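Participant: Take a look at run31.csv, CSV, C-alpha atoms:
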```csv
chain,number,residue,atom,x,y,z
A,1,MET,CA,-56.8,4.1,-39.1
A,2,LYS,CA,-57.1,1.6,-36.4
A,3,LYS,CA,-54.0,-0.2,-37.6
A,4,SER,CA,-51.8,3.0,-37.4
A,5,HIS,CA,-53.2,3.7,-33.9
A,6,CYS,CA,-52.3,0.1,-32.8
A,7,GLU,CA,-48.8,0.5,-34.3
A,8,SER,CA,-48.2,3.8,-32.5
A,9,THR,CA,-49.5,2.3,-29.2
A,10,SER,CA,-47.2,-0.7,-29.8
A,11,LYS,CA,-44.2,1.6,-30.4
A,12,LEU,CA,-45.0,3.6,-27.2
A,13,ASP,CA,-45.3,0.3,-25.3
A,14,ARG,CA,-41.9,-0.9,-26.6
A,15,LYS,CA,-40.3,2.5,-25.7
A,16,THR,CA,-41.8,2.4,-22.3
A,17,VAL,CA,-40.7,-1.2,-21.7
A,18,GLU,CA,-37.1,-0.3,-23.0
A,19,ARG,CA,-37.0,2.8,-20.8
A,20,ASN,CA,-38.1,0.8,-17.7
A,21,ARG,CA,-35.5,-1.9,-18.6
A,22,ARG,CA,-32.7,0.7,-18.8
A,23,VAL,CA,-33.8,2.3,-15.5
A,24,HIS,CA,-33.9,-1.1,-13.8
A,25,MET,CA,-30.4,-2.0,-15.2
A,26,LYS,CA,-29.0,1.3,-14.0
A,27,ASP,CA,-30.4,0.7,-10.6
A,28,LEU,CA,-28.9,-2.8,-10.4
A,29,CYS,CA,-25.5,-1.5,-11.6
A,30,PHE,CA,-25.7,1.2,-8.9
A,31,LYS,CA,-26.5,-1.4,-6.2
A,32,LEU,CA,-23.6,-3.6,-7.4
A,33,ALA,CA,-21.1,-0.7,-7.4
A,34,SER,CA,-22.2,0.3,-3.9
A,35,LEU,CA,-21.2,-3.1,-2.6
A,36,VAL,CA,-17.6,-2.6,-3.7
A,37,PRO,CA,-15.6,-1.1,-0.7
A,38,HIS,CA,-14.4,2.4,-1.2
A,39,HIS,CA,-10.8,1.5,-0.5
A,40,PHE,CA,-10.8,-1.0,-3.3
A,41,SER,CA,-10.9,1.6,-6.0
A,42,LYS,CA,-8.3,4.4,-6.0
A,43,PRO,CA,-10.4,7.0,-7.9
A,44,SER,CA,-13.8,8.0,-6.7
A,45,LYS,CA,-16.5,5.6,-7.8
A,46,ASP,CA,-18.7,8.5,-8.7
A,47,MET,CA,-16.3,9.6,-11.5
A,48,LEU,CA,-16.2,6.1,-13.1
A,49,SER,CA,-18.4,5.2,-16.0
A,50,GLN,CA,-21.0,2.5,-15.6
A,51,GLN,CA,-18.8,0.1,-17.6
A,52,ASP,CA,-15.8,0.9,-15.4
A,53,GLN,CA,-17.9,0.4,-12.2
A,54,LEU,CA,-19.0,-3.1,-13.6
A,55,GLU,CA,-15.4,-4.0,-14.4
A,56,LEU,CA,-14.3,-2.9,-10.9
A,57,ALA,CA,-17.1,-5.0,-9.3
A,58,ALA,CA,-16.1,-8.0,-11.4
A,59,CYS,CA,-12.4,-7.6,-10.4
A,60,TYR,CA,-13.4,-7.3,-6.7
A,61,ILE,CA,-15.6,-10.3,-6.9
A,62,LYS,CA,-12.9,-12.3,-8.6
A,63,GLN,CA,-10.3,-11.2,-6.0
A,64,MET,CA,-12.6,-12.1,-3.1
A,65,SER,CA,-13.4,-15.5,-4.7
A,66,GLU,CA,-9.7,-16.2,-5.0
A,67,ARG,CA,-9.2,-15.2,-1.4
A,68,VAL,CA,-12.1,-17.4,-0.2
A,69,GLU,CA,-10.6,-20.4,-2.1
A,70,LYS,CA,-7.1,-19.7,-0.6
A,71,LEU,CA,-8.5,-19.4,2.9
A,72,LYS,CA,-10.4,-22.7,2.4
A,73,ARG,CA,-7.2,-24.4,1.4
A,74,VAL,CA,-5.4,-22.9,4.4
A,75,LYS,CA,-8.2,-24.1,6.7
A,76,GLU,CA,-8.2,-27.6,5.2
A,77,GLN,CA,-4.4,-27.7,5.5
A,78,ALA,CA,-4.7,-26.6,9.1
A,79,ILE,CA,-7.3,-29.3,9.9
A,80,THR,CA,-5.2,-32.0,8.1
A,81,THR,CA,-2.1,-30.9,9.9
A,82,THR,CA,-3.8,-30.9,13.3
A,83,ARG,CA,-5.1,-34.4,12.7
A,84,THR,CA,-1.7,-35.6,11.5
A,85,SER,CA,0.2,-34.0,14.3
A,86,ARG,CA,-2.1,-35.6,16.8
A,87,SER,CA,-1.6,-39.0,15.3
A,88,THR,CA,2.1,-38.9,14.5
A,89,GLY,CA,3.7,-36.1,16.6
A,90,MET,CA,6.3,-35.7,13.8
A,91,ALA,CA,4.2,-33.3,11.6
A,92,SER,CA,4.4,-30.5,14.2
A,93,LYS,CA,8.2,-30.6,14.0
A,94,MET,CA,8.1,-30.5,10.2
A,95,ILE,CA,5.5,-27.7,10.1
A,96,GLY,CA,7.6,-25.7,12.5
A,97,LEU,CA,10.2,-25.4,9.8
A,98,ARG,CA,7.8,-23.6,7.5
A,99,LEU,CA,6.4,-21.2,10.2
A,100,PRO,CA,6.0,-18.4,10.8
A,101,VAL,CA,4.4,-17.1,7.7
A,102,VAL,CA,3.6,-13.4,6.8
A,103,GLU,CA,0.9,-12.4,4.4
A,104,LEU,CA,0.3,-8.8,3.6
A,105,ARG,CA,-2.6,-7.4,1.6
A,106,ASP,CA,-2.6,-3.8,0.4
A,107,PHE,CA,-6.0,-2.3,-0.1
A,108,GLY,CA,-4.8,1.2,-1.0
A,109,SER,CA,-5.7,3.2,2.1
A,110,SER,CA,-5.6,0.1,4.4
A,111,ILE,CA,-3.4,-2.9,5.0
A,112,GLU,CA,-4.1,-6.3,6.4
A,113,VAL,CA,-1.3,-8.4,7.9
A,114,VAL,CA,-1.8,-12.0,8.6
A,115,LEU,CA,0.9,-13.8,10.7
A,116,VAL,CA,0.7,-17.6,11.2
A,117,SER,CA,3.1,-19.0,13.7
A,118,GLY,CA,3.5,-22.1,15.8
A,119,LEU,CA,2.9,-22.1,19.5
A,120,ASN,CA,6.6,-22.5,20.1
A,121,LYS,CA,7.7,-19.5,17.9
A,122,ASN,CA,7.9,-16.4,20.2
A,123,PHE,CA,8.0,-13.1,18.4
A,124,MET,CA,6.8,-10.0,20.1
A,125,PHE,CA,3.4,-8.8,18.8
A,126,TYR,CA,4.1,-5.2,19.8
A,127,GLU,CA,7.2,-5.3,17.4
A,128,VAL,CA,4.9,-6.0,14.5
A,129,ILE,CA,2.7,-3.1,15.4
A,130,THR,CA,5.8,-0.9,15.8
A,131,VAL,CA,6.9,-1.8,12.3
A,132,LEU,CA,3.5,-0.8,10.9
A,133,SER,CA,3.5,2.4,12.9
A,134,GLU,CA,7.1,3.3,11.8
A,135,GLU,CA,6.2,2.8,8.2
A,136,GLY,CA,3.2,5.2,8.3
A,137,ALA,CA,0.2,2.9,9.2
A,138,GLU,CA,-2.0,3.2,12.2
A,139,VAL,CA,-3.3,-0.1,13.6
A,140,VAL,CA,-7.1,-0.1,13.7
A,141,SER,CA,-7.7,-3.6,15.0
A,142,ALA,CA,-5.7,-6.7,15.9
A,143,SER,CA,-6.9,-10.2,16.7
A,144,TYR,CA,-5.6,-13.7,17.0
A,145,SER,CA,-6.9,-17.2,17.1
A,146,THR,CA,-5.4,-20.6,17.8
A,147,VAL,CA,-6.1,-23.6,15.6
A,148,GLY,CA,-4.3,-26.8,16.7
A,149,ASP,CA,-0.7,-25.9,17.1
A,150,LYS,CA,-0.9,-22.7,15.0
A,151,VAL,CA,-1.6,-19.1,16.0
A,152,PHE,CA,-3.2,-16.8,13.4
A,153,HIS,CA,-2.7,-13.1,14.1
A,154,THR,CA,-4.6,-10.6,12.0
A,155,ILE,CA,-3.9,-6.9,12.0
A,156,HIS,CA,-5.8,-4.2,10.2
A,157,ALA,CA,-4.1,-0.9,9.7
A,158,GLN,CA,-4.9,2.3,7.9
A,159,VAL,CA,-2.6,4.7,6.1
A,160,ARG,CA,-2.0,7.8,8.3
A,161,ILE,CA,-1.3,10.2,5.4
A,162,ARG,CA,-3.1,9.1,2.2
A,163,ARG,CA,-1.0,11.1,-0.3
A,164,VAL,CA,2.2,9.7,1.2
A,165,GLY,CA,0.9,6.1,1.6
A,166,VAL,CA,2.8,3.1,2.9
A,167,GLU,CA,5.5,1.2,1.1
A,168,THR,CA,4.1,-2.3,1.6
A,169,SER,CA,7.2,-4.1,0.1
A,170,ARG,CA,9.3,-2.4,2.8
A,171,VAL,CA,6.8,-3.4,5.5
A,172,TRP,CA,6.8,-7.0,4.3
A,173,GLU,CA,10.7,-7.1,4.3
A,174,ARG,CA,10.8,-5.7,7.8
A,175,LEU,CA,8.2,-8.2,9.0
A,176,GLN,CA,10.2,-11.1,7.4
A,177,GLU,CA,13.3,-9.9,9.2
A,178,LEU,CA,11.4,-9.7,12.5
A,179,ILE,CA,10.0,-13.2,12.4
A,180,SER,CA,13.1,-15.0,11.1
```
Output the file's structure in the form of structure tokens.

Facilitator:
Amino acid sequence: MKKSHCESTSKLDRKTVERNRRVHMKDLCFKLASLVPHHFSKPSKDMLSQQDQLELAACYIKQMSERVEKLKRVKEQAITTTRTSRSTGMASKMIGLRLPVVELRDFGSSIEVVLVSGLNKNFMFYEVITVLSEEGAEVVSASYSTVGDKVFHTIHAQVRIRRVGVETSRVWERLQELIS
């Protein structure tokens, strides 16, 4: 009789351990899903299955990792270019041929525009904001910084009417026309 009592206690312990493990995993999955920004997923995160939420989080992490690597390369290139331009003076002329650069990121309900230009390239910042506004986006924040002989402009905008959205390819084309 003692053996069956031990077996039933052991089964209960295993069930309890498994239940606790599941609850813990569910909590961890919820915490991970809550770290993914709402604008990253088009449908509501509440309606996604746990597996879909994990896949969304993995996709977001991968995208952010790629972005970090790209920004590291841009930073390293900017540092190298600054050092080279100081020593030779010719590099700044060559770099001027490739600038300005427009990078546009669509996050669904928000847009990020990064413009990199040389100190010599004069485009009107308000014209960029006007393009965004005309295409249905409202500028939330704008900033710039200067590194060496480059100026980095960053603009964050939100879609005014979500169901209409913003045609980012059209915005990108108009910005290309503006800076060239």

Participant: Using all atoms listed in the file, which residue out of A:Gln176, A:Val131, A:Glu167, A:Ala33 lies closest to A:Asp52?

Facilitator: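 Of A:Gln176, A:Val131, A:Glu167, A:Ala33, the one nearest A:Asp52 is A:Ala33, counting all atoms listed in the file.
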
Participant: Using all atoms listed in the file, can you list as a list in words the residues within 12 Å of (-8.3, -5.8, 13.7)?

Facilitator: Ser110, Ile111, Glu112, Val113, Val114, Ile129, Glu138, Val139, Val140, Ser141, Ala142, Ser143, Tyr144, Ser145, His153, Thr154, Ile155, His156, Ala157 and Gln158 of chain A

Participant: Restrict the selected residues to C-alpha atoms and save them as a PDB file, in the frame of the given file.

Facilitator:
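Dumped everything to again_24.pdb:
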```
ATOM      1  CA  SER A 110      -5.600   0.100   4.400  1.00  0.00           C
ATOM      2  CA  ILE A 111      -3.400  -2.900   5.000  1.00  0.00           C
ATOM      3  CA  GLU A 112      -4.100  -6.300   6.400  1.00  0.00           C
ATOM      4  CA  VAL A 113      -1.300  -8.400   7.900  1.00  0.00           C
ATOM      5  CA  VAL A 114      -1.800 -12.000   8.600  1.00  0.00           C
ATOM      6  CA  ILE A 129       2.700  -3.100  15.400  1.00  0.00           C
ATOM      7  CA  GLU A 138      -2.000   3.200  12.200  1.00  0.00           C
ATOM      8  CA  VAL A 139      -3.300  -0.100  13.600  1.00  0.00           C
ATOM      9  CA  VAL A 140      -7.100  -0.100  13.700  1.00  0.00           C
ATOM     10  CA  SER A 141      -7.700  -3.600  15.000  1.00  0.00           C
ATOM     11  CA  ALA A 142      -5.700  -6.700  15.900  1.00  0.00           C
ATOM     12  CA  SER A 143      -6.900 -10.200  16.700  1.00  0.00           C
ATOM     13  CA  TYR A 144      -5.600 -13.700  17.000  1.00  0.00           C
ATOM     14  CA  SER A 145      -6.900 -17.200  17.100  1.00  0.00           C
ATOM     15  CA  HIS A 153      -2.700 -13.100  14.100  1.00  0.00           C
ATOM     16  CA  THR A 154      -4.600 -10.600  12.000  1.00  0.00           C
ATOM     17  CA  ILE A 155      -3.900  -6.900  12.000  1.00  0.00           C
ATOM     18  CA  HIS A 156      -5.800  -4.200  10.200  1.00  0.00           C
ATOM     19  CA  ALA A 157      -4.100  -0.900   9.700  1.00  0.00           C
ATOM     20  CA  GLN A 158      -4.900   2.300   7.900  1.00  0.00           C
TER      21      GLN A 158
END
```

Participant: For atom CA of A:Val102 and atom CA of A:Val116, quote the distance in Å rounded to one decimal.

Facilitator: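 Atom CA of A:Val116 lies at a distance of 6.7 Å from atom CA of A:Val102.
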
Participant: Select, from A:Val147, A:Gln51, A:Ser180, A:Leu175, the residue with the minimum atom-to-atom distance to A:Tyr126, counting all atoms listed in the file.

Facilitator: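 Checking each of A:Val147, A:Gln51, A:Ser180, A:Leu175 against A:Tyr126, counting all atoms listed in the file, the winner is A:Leu175.
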
Participant: Distance atom CA of A:Thr168-atom CA of A:Leu104, one decimal place?

Facilitator: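 The value is 7.8 Å.
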
Participant: In Å, how far is it from atom CA of A:Glu127 to atom CA of A:Phe40?

Facilitator: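 So the answer is 27.8 Å.
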
Participant: Is it possible to get the residues within 10 Å of (-0.8, 6.4, 5.6) (coordinates as in the file, counting all atoms listed in the file) written as a list in words?

Facilitator: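 Applying the cut-off with all atoms listed in the file, one gets Gly108, Ser109, Ser110, Ile111, Leu132, Ser133, Glu135, Gly136, Ala137, Glu138, Ala157, Gln158, Val159, Arg160, Ile161, Arg162, Arg163, Val164, Gly165, Val166 and Glu167 of chain A.
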
Participant: Taking only C-alpha atoms into account, which of A:Thr146, A:Thr130, A:Asn120, A:Asn20 comes nearest A:Lys75?

Facilitator: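 Among the listed residues, the smallest separation from A:Lys75 belongs to A:Thr146.
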
Participant: Restore N, CA, C and O atoms in stretch 10-25 of chain A and list the result as a PDB file, keeping the file's coordinate frame.

Facilitator:
```
ATOM      1  N   SER A  10     -48.230   0.378 -29.918  1.00  0.00           N
ATOM      2  CA  SER A  10     -47.200  -0.700 -29.800  1.00  0.00           C
ATOM      3  C   SER A  10     -45.830  -0.093 -29.647  1.00  0.00           C
ATOM      4  O   SER A  10     -45.027  -0.536 -28.838  1.00  0.00           O
ATOM      5  N   LYS A  11     -45.515   0.924 -30.459  1.00  0.00           N
ATOM      6  CA  LYS A  11     -44.200   1.600 -30.400  1.00  0.00           C
ATOM      7  C   LYS A  11     -44.027   2.249 -29.043  1.00  0.00           C
ATOM      8  O   LYS A  11     -42.953   2.201 -28.452  1.00  0.00           O
ATOM      9  N   LEU A  12     -45.068   2.911 -28.552  1.00  0.00           N
ATOM     10  CA  LEU A  12     -45.000   3.600 -27.200  1.00  0.00           C
ATOM     11  C   LEU A  12     -44.765   2.518 -26.142  1.00  0.00           C
ATOM     12  O   LEU A  12     -43.976   2.740 -25.233  1.00  0.00           O
ATOM     13  N   ASP A  13     -45.469   1.408 -26.242  1.00  0.00           N
ATOM     14  CA  ASP A  13     -45.300   0.300 -25.300  1.00  0.00           C
ATOM     15  C   ASP A  13     -43.863  -0.179 -25.270  1.00  0.00           C
ATOM     16  O   ASP A  13     -43.256  -0.377 -24.228  1.00  0.00           O
ATOM     17  N   ARG A  14     -43.303  -0.393 -26.472  1.00  0.00           N
ATOM     18  CA  ARG A  14     -41.900  -0.900 -26.600  1.00  0.00           C
ATOM     19  C   ARG A  14     -40.946   0.155 -26.003  1.00  0.00           C
ATOM     20  O   ARG A  14     -39.997  -0.208 -25.314  1.00  0.00           O
ATOM     21  N   LYS A  15     -41.199   1.435 -26.282  1.00  0.00           N
ATOM     22  CA  LYS A  15     -40.300   2.500 -25.700  1.00  0.00           C
ATOM     23  C   LYS A  15     -40.407   2.517 -24.229  1.00  0.00           C
ATOM     24  O   LYS A  15     -39.395   2.649 -23.540  1.00  0.00           O
ATOM     25  N   THR A  16     -41.600   2.395 -23.706  1.00  0.00           N
ATOM     26  CA  THR A  16     -41.800   2.400 -22.300  1.00  0.00           C
ATOM     27  C   THR A  16     -41.107   1.179 -21.626  1.00  0.00           C
ATOM     28  O   THR A  16     -40.418   1.306 -20.601  1.00  0.00           O
ATOM     29  N   VAL A  17     -41.287   0.027 -22.248  1.00  0.00           N
ATOM     30  CA  VAL A  17     -40.700  -1.200 -21.700  1.00  0.00           C
ATOM     31  C   VAL A  17     -39.132  -1.035 -21.763  1.00  0.00           C
ATOM     32  O   VAL A  17     -38.442  -1.365 -20.792  1.00  0.00           O
ATOM     33  N   GLU A  18     -38.592  -0.511 -22.839  1.00  0.00           N
ATOM     34  CA  GLU A  18     -37.100  -0.300 -23.000  1.00  0.00           C
ATOM     35  C   GLU A  18     -36.635   0.695 -21.943  1.00  0.00           C
ATOM     36  O   GLU A  18     -35.592   0.502 -21.312  1.00  0.00           O
ATOM     37  N   ARG A  19     -37.366   1.791 -21.762  1.00  0.00           N
ATOM     38  CA  ARG A  19     -37.000   2.800 -20.800  1.00  0.00           C
ATOM     39  C   ARG A  19     -36.969   2.179 -19.376  1.00  0.00           C
ATOM     40  O   ARG A  19     -36.029   2.377 -18.602  1.00  0.00           O
ATOM     41  N   ASN A  20     -38.008   1.428 -19.053  1.00  0.00           N
ATOM     42  CA  ASN A  20     -38.100   0.800 -17.700  1.00  0.00           C
ATOM     43  C   ASN A  20     -36.935  -0.226 -17.564  1.00  0.00           C
ATOM     44  O   ASN A  20     -36.366  -0.330 -16.485  1.00  0.00           O
ATOM     45  N   ARG A  21     -36.608  -0.945 -18.633  1.00  0.00           N
ATOM     46  CA  ARG A  21     -35.500  -1.900 -18.600  1.00  0.00           C
ATOM     47  C   ARG A  21     -34.178  -1.170 -18.279  1.00  0.00           C
ATOM     48  O   ARG A  21     -33.395  -1.582 -17.439  1.00  0.00           O
ATOM     49  N   ARG A  22     -33.958  -0.054 -18.973  1.00  0.00           N
ATOM     50  CA  ARG A  22     -32.700   0.700 -18.800  1.00  0.00           C
ATOM     51  C   ARG A  22     -32.656   1.270 -17.342  1.00  0.00           C
ATOM     52  O   ARG A  22     -31.600   1.218 -16.713  1.00  0.00           O
ATOM     53  N   VAL A  23     -33.761   1.789 -16.848  1.00  0.00           N
ATOM     54  CA  VAL A  23     -33.800   2.300 -15.500  1.00  0.00           C
ATOM     55  C   VAL A  23     -33.501   1.201 -14.486  1.00  0.00           C
ATOM     56  O   VAL A  23     -32.724   1.372 -13.536  1.00  0.00           O
ATOM     57  N   HIS A  24     -34.105   0.041 -14.719  1.00  0.00           N
ATOM     58  CA  HIS A  24     -33.900  -1.100 -13.800  1.00  0.00           C
ATOM     59  C   HIS A  24     -32.418  -1.548 -13.863  1.00  0.00           C
ATOM     60  O   HIS A  24     -31.812  -1.801 -12.809  1.00  0.00           O
ATOM     61  N   MET A  25     -31.820  -1.633 -15.050  1.00  0.00           N
ATOM     62  CA  MET A  25     -30.400  -2.000 -15.200  1.00  0.00           C
ATOM     63  C   MET A  25     -29.497  -0.996 -14.514  1.00  0.00           C
ATOM     64  O   MET A  25     -28.528  -1.360 -13.849  1.00  0.00           O
TER      65      MET A  25
END
```
